[in-house]
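Okay, structure first, notes after.
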Amino acid sequence: MSARAARAALVVFATTVAACTSGTSVDRGIVVFGPYTGRDADLFAESVDAFEQASGVDVVYTGSADFVEDLRQRSGGNRRPDVAIVPQPGLVNDLIERDAVLPLSDTVRSVVDEHHEPSVFEDAAWDADYVVPFRRTIKSLVWYRPDVFEANGWAVPETLDELWDLVETIDEDEVMSPWCFSIFSGRATGWPATDWVEDLVLRELGPEAYDEWVTGIRDFDDDEIRAAFERFDEMVVAGERSFGGVRQILQTEVAATSSPLFGDPPGCAMFKQASFADNWFPDGVEIGPDDDVDLFVLPGTSAEPPPLVVGGDAVVQFDDRSDIEAFMAFLGSPEGGRAWAREGGYLGDLRTVDTDSYYPPTEERLAELLLDDDRVRRFDASDVLPVNVGSELLWQRITSWVGGTITLDELLTSVDTALENERSSG
Amino acid sequence: MNDQPGPQSSIGLAREWIGSIRAAPPDEDAVAALDDLLPEGSALPQYVARFAALIALSSSIAAFGLLANSGAVVIGAMLVAPLMTPIMGAAAATVRAQNRRLLLAMVIIAGGTVLAIAVGWFVSLLAAGRVIDVRALPEEIRSRTFPGLLDLGIAITAGAAAGFIQPRRSTISALPGVGIAVALVPPLATVGITAHLGLAGEARNAFLLYLTNLAAIIFSAGIVLLLSGFRPEGSPGAGVIRVRLAVTLAAVAAVAVPLTLHTQSVILDQRLRSAVLAAVEAWDDDVRIVDERSDATSGRAEVELLLVGRGDPAPVYQLAEDITARFGRPVDLRVRYQTDQLFVVSTR
């Protein structure tokens with residue numbers, strides 16, 4: 001961060017904290033509900049510690065893996081939080097349409113405008129009047145062990161065809177599975193499968209077709225979309241392409257998916273998962289080209305820089321007390337994620353930070369990918385779709401299809417029907 | 001003892017207190033009963049050899065019994081175990097300020113501890129098979145990896161009983177009951193078995209159970225011996241008395257510190273457990289807890305539940321927030337919820 005930007009951030013922070021301390025005092029503190037659990041919850045709590053220390057206001061956080069269902073239930077009842085951190089733009093839009101959340105104050109909006117790339121709102125189709133952007137994620141990453149690749153003479157693939165060849169080579173060697181992959185995540189079971197399909201659609205069909213798919217111009221039952229589902233099945237699910245086969249895909253918790261990658265001997269060669277996956281790695285694992293594990297972006301059809309499927313968490317407010325306003329401004333400033341960024345696993349669209357000093361080396365690489373305006377970027381499709389479909393039905397149906405209890409036809413037509421109903425009723 | 005008013009030091013206060021509760025001095029037979037606990041001179045090597053043989057035998061009986069999940073066999077091992085003798089010797093030497101005997105007793109106890117763990121480890125190597133999860137352990141072993149407040153109560157009262165029985169030869173037939181009540185060798189065999197299986201947390205807990213029992217017995221037996229009239233021996237000068245009393249107090253403190261820490265952690269775990277049970281009942285009183293694991297040793301509460309209920313569960317965040325409210329600390333909660341279904345089929 002430049003000295004000028006640092007000063008500006010400090011002034012904004014001090015101002016908002018002052019606004020907070022002179023405002024209404026609330027005994028229970030600020031109640032925050034979000035999707036972060038376990039270590040992520042610790043790191044979020046660590047991040048907001050600076051706000052609590054400066055303002056004297058308690059931040060009480062609850063995070064749930066069953067976040068979508070819980071927030072919908074909670075936002076309508078007497079357990080309504082003051083602030084929610086929402087990874088699904090579809091759910092954010094739902095909350096705005098139901099008037100469940102309140103617009104940001106001008107002060108908070110000016111903080112967000114100062115520090116964030118405007119494109120972050122375009123990516124997610126977020127309404128800038130309501131949303132403070134917080135953690136971003138890159139979904140299109142493949143984690144691998146450089147020592148295993150070197151020992152087997154494998155090279156990091158530069159195109160989808162090369163990746164396909166590598167998968168077949170590993171599969172034929174029968175020493176390990178090409179992929180570590182699983183989708184069990186309680187009521188959110190299925191989401192890693194949707195991420196895979198989205199990455200293939202974006203690569204093989206291009207960003208325009210991806211946009212058409214997300215907005216409903218193309219059906220799920222479109223021939224090319226169907227082909228992407230089939231390609232995913234062939235590359236990742238069929239036979240023993242993934243460690244343990246379908247049984248492990250359905251039964252292993254997502255957070256434990258990568259364990260065989262670190263086995264001796266390893267059970268799989270690659271693990272496709274988002275930038276937050278490093279929080280699930282065993283303690284002490286170092287990330288880097290010469291370390292225990294490294295990453296590459298899932299390649300595209302050509303050797304050009306491949307596109308990215310990204311995700312992002314929106315902070316919305318259910319109340320507009322002055323302490324909440326100060327907290328929203330804090331989360332919108334670089335201070336909001338600083339402690340978490342230092343520990344790793346946090347990325348933001350912060351244009352006012354010097355990535356070199358804000359992030360550890362791995363996150364610095366990823367932040368530069370996110371901030372690269374020449375690279376095609378699209379938001380996670382299932383998170384953008386109407387929440388009843390994208391974060392519920394699609395997850396359920398893709399799980400059933402992977403498990404072999406419904407056909408691809410049934411999956412695609414049932415999702416199309418549900419989307420049609422949602423869009424016609426909306 | 002020095003007749004001067006006691007100085008305002010902890011040692012002086014302790015001497016005053018000891019004087020105030022002085023009972024009639026123990027008779028010669030009672031003194032001899034304590035002296036016989038630890039042999040001296042030429043009898044010592046023979047005693048140590050016999051002690052080691054009994055430790056090895058009792059630990060292997062205990063380990064086989066634990067792996068076979070046989071409570072009766074484990075009780076048999078307790079009757080063979082010779083650890084109570086040096087432990088009572090340590091309690092008596094502490095109260096009587098016999099520093100050399102105290103050291104001897106501690107060395108014998110430490111040697112017995114190591115040997116019992118090693119035998120448990122070896123038996124596990126021979127007979128345990130491949131157990132990789134604590135849930136697959138026999139109940140006799142699992143129950144020794146969760147030391148609780150009840151164990152502490154048992155150890156304190158059993159230690160007091162041992163302190164009462166030991167100097168009274170007419171009651172000595174009751175002593176094996178103490179050995180059964182407060183198991184010493186089975187926890188050590190459990191340490192060996194779980195260490196061999198790579199279950200470090202369980203091994204640590206079983207060892208904690210053993211240390212609790214050890215500390216509680218020495219502590220409460222020492223108090224009862226003190227109340228029975230045993231005191232530091234001879235008529236040494238005030239300086240020597242001070243040193244001996246300091247040694248006694250240090251020994252008691254050394255016992256009391258792990259005991260207090262353990263008690264605190266046990267009370268904390270019990271509080272968490274109560275909070276979890278109450279919160280589950282408030283969350284859904286139809287739900288049944290099949291398995292519950294709570295740990296409050298880190299700064300937060302870690303709770304794992306396996307619940308069985310009818311229909312869809314209420315939102316689990318409500319349960320987590322209720323546990324946090326009742327327990328007063330952040331919680332990491334994992335719930336596995338199964339729907340209770342009944343199928344009845346008849347064929348004829």
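By order of appearance in the structure tokens: chains A, B, ..., then residues from 1 within every chain, and ligands from 1 in the order shown.
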
Could you please select, counting only C-alpha atoms, the residues of chain B within 7 Å of chain A and state them as an NGL selection string? :B and (315 or 317 or 332)

Any chance you could list, as a PyMOL selection string, the residues in range 180-314 of chain B that come up strand (DSSP E) when DSSP is run on the backbone? chain B and resi 288-295+301-309

Quick check for you: according to DSSP on this backbone, which residues of range 24-152 of chain B are classed as helix (DSSP H, G or I)? Reply as a VMD selection string. chain B and resid 28 to 35 43 to 67 71 to 80 84 to 95 99 to 127 134 to 136 139 to 142 149 to 152

Could you list, as a PyMOL selection string, every residue within 12 Å of Leu104 in chain B, counting only C-alpha atoms and ignoring same-chain residues fewer than 3 positions away? chain B and resi 37-41+44+48+86-87+89-90+93-94+98-101+107-111

Include N, CA, C and O atoms and write out the residues we just selected as a JSON list (two decimals), in the first residue's frame.
```
[["chain", "number", "residue", "atom", "x", "y", "z"],
["B", 37, "LEU", "N", 6.46, -51.50, 55.10],
["B", 37, "LEU", "CA", 6.05, -51.25, 53.71],
["B", 37, "LEU", "C", 7.23, -51.31, 52.75],
["B", 37, "LEU", "O", 7.14, -51.85, 51.65],
["B", 38, "LEU", "N", 8.34, -50.72, 53.17],
["B", 38, "LEU", "CA", 9.51, -50.69, 52.30],
["B", 38, "LEU", "C", 10.68, -51.34, 53.02],
["B", 38, "LEU", "O", 11.13, -50.82, 54.04],
["B", 39, "PRO", "N", 11.17, -52.47, 52.54],
["B", 39, "PRO", "CA", 12.29, -53.13, 53.20],
["B", 39, "PRO", "C", 13.58, -52.33, 52.99],
["B", 39, "PRO", "O", 13.68, -51.53, 52.05],
["B", 40, "GLU", "N", 14.54, -52.58, 53.86],
["B", 40, "GLU", "CA", 15.82, -51.88, 53.74],
["B", 40, "GLU", "C", 16.95, -52.88, 53.73],
["B", 40, "GLU", "O", 16.75, -54.06, 54.04],
["B", 41, "GLY", "N", 18.11, -52.42, 53.38],
["B", 41, "GLY", "CA", 19.31, -53.25, 53.44],
["B", 41, "GLY", "C", 19.24, -54.44, 52.51],
["B", 41, "GLY", "O", 18.83, -54.33, 51.36],
["B", 44, "LEU", "N", 16.16, -55.53, 50.32],
["B", 44, "LEU", "CA", 15.67, -54.67, 49.25],
["B", 44, "LEU", "C", 15.74, -55.33, 47.86],
["B", 44, "LEU", "O", 14.74, -55.33, 47.13],
["B", 48, "VAL", "N", 12.58, -55.89, 45.36],
["B", 48, "VAL", "CA", 12.47, -55.27, 44.04],
["B", 48, "VAL", "C", 12.20, -56.33, 42.97],
["B", 48, "VAL", "O", 11.37, -56.14, 42.07],
["B", 86, "PRO", "N", 4.42, -49.56, 47.58],
["B", 86, "PRO", "CA", 5.31, -48.38, 47.57],
["B", 86, "PRO", "C", 4.56, -47.06, 47.62],
["B", 86, "PRO", "O", 5.08, -46.07, 48.13],
["B", 87, "ILE", "N", 3.31, -47.04, 47.11],
["B", 87, "ILE", "CA", 2.56, -45.79, 47.17],
["B", 87, "ILE", "C", 2.22, -45.44, 48.61],
["B", 87, "ILE", "O", 2.37, -44.30, 49.06],
["B", 89, "GLY", "N", 3.94, -46.52, 51.07],
["B", 89, "GLY", "CA", 5.25, -46.18, 51.63],
["B", 89, "GLY", "C", 5.58, -44.72, 51.38],
["B", 89, "GLY", "O", 6.12, -44.04, 52.27],
["B", 90, "ALA", "N", 5.25, -44.24, 50.21],
["B", 90, "ALA", "CA", 5.50, -42.83, 49.88],
["B", 90, "ALA", "C", 4.65, -41.91, 50.75],
["B", 90, "ALA", "O", 5.13, -40.89, 51.26],
["B", 93, "ALA", "N", 6.13, -42.00, 54.28],
["B", 93, "ALA", "CA", 7.41, -41.30, 54.35],
["B", 93, "ALA", "C", 7.20, -39.79, 54.22],
["B", 93, "ALA", "O", 7.93, -39.00, 54.83],
["B", 94, "THR", "N", 6.20, -39.39, 53.49],
["B", 94, "THR", "CA", 5.91, -37.96, 53.35],
["B", 94, "THR", "C", 5.50, -37.39, 54.71],
["B", 94, "THR", "O", 6.02, -36.37, 55.16],
["B", 98, "GLN", "N", 10.47, -38.83, 56.19],
["B", 98, "GLN", "CA", 11.59, -39.76, 55.96],
["B", 98, "GLN", "C", 12.02, -39.61, 54.50],
["B", 98, "GLN", "O", 11.56, -40.33, 53.62],
["B", 99, "ASN", "N", 12.92, -38.66, 54.32],
["B", 99, "ASN", "CA", 13.22, -38.26, 52.94],
["B", 99, "ASN", "C", 13.83, -39.40, 52.12],
["B", 99, "ASN", "O", 13.53, -39.57, 50.94],
["B", 100, "ARG", "N", 14.69, -40.19, 52.75],
["B", 100, "ARG", "CA", 15.36, -41.24, 52.00],
["B", 100, "ARG", "C", 14.36, -42.32, 51.58],
["B", 100, "ARG", "O", 14.39, -42.81, 50.46],
["B", 101, "ARG", "N", 13.44, -42.65, 52.51],
["B", 101, "ARG", "CA", 12.43, -43.65, 52.18],
["B", 101, "ARG", "C", 11.45, -43.12, 51.12],
["B", 101, "ARG", "O", 10.97, -43.87, 50.26],
["B", 107, "VAL", "N", 11.25, -43.96, 43.48],
["B", 107, "VAL", "CA", 12.02, -44.67, 42.46],
["B", 107, "VAL", "C", 11.33, -46.00, 42.11],
["B", 107, "VAL", "O", 11.20, -46.38, 40.94],
["B", 108, "ILE", "N", 10.86, -46.71, 43.15],
["B", 108, "ILE", "CA", 10.18, -47.99, 42.91],
["B", 108, "ILE", "C", 8.89, -47.76, 42.11],
["B", 108, "ILE", "O", 8.59, -48.49, 41.16],
["B", 109, "ILE", "N", 8.13, -46.71, 42.49],
["B", 109, "ILE", "CA", 6.87, -46.42, 41.77],
["B", 109, "ILE", "C", 7.17, -46.08, 40.30],
["B", 109, "ILE", "O", 6.51, -46.59, 39.38],
["B", 110, "ALA", "N", 8.20, -45.25, 40.08],
["B", 110, "ALA", "CA", 8.54, -44.86, 38.71],
["B", 110, "ALA", "C", 8.94, -46.08, 37.88],
["B", 110, "ALA", "O", 8.50, -46.25, 36.74],
["B", 111, "GLY", "N", 9.76, -46.95, 38.50],
["B", 111, "GLY", "CA", 10.19, -48.16, 37.79],
["B", 111, "GLY", "C", 9.00, -49.05, 37.45],
["B", 111, "GLY", "O", 8.87, -49.56, 36.33]]
```

Extract, using only C-alpha atoms, all DNA, RNA and protein residues at most 8 Å from Leu160 in chain A, discarding same-chain residues fewer than 4 positions from it, and format them as a list in words. Trp164, Leu298, Pro299, Gly300, Thr301 and Ser302 of chain A

Exercise: Glu422 in chain A partners within 12 Å, only C-alpha atoms, chain neighbours under 5 positions left out, as a list in words: Gly90, Asp94, Gly216, Leu385, Pro386, Val387, Asn388, Val389, Gly390, Leu393, Val415, Asp416 and Thr417 of chain A
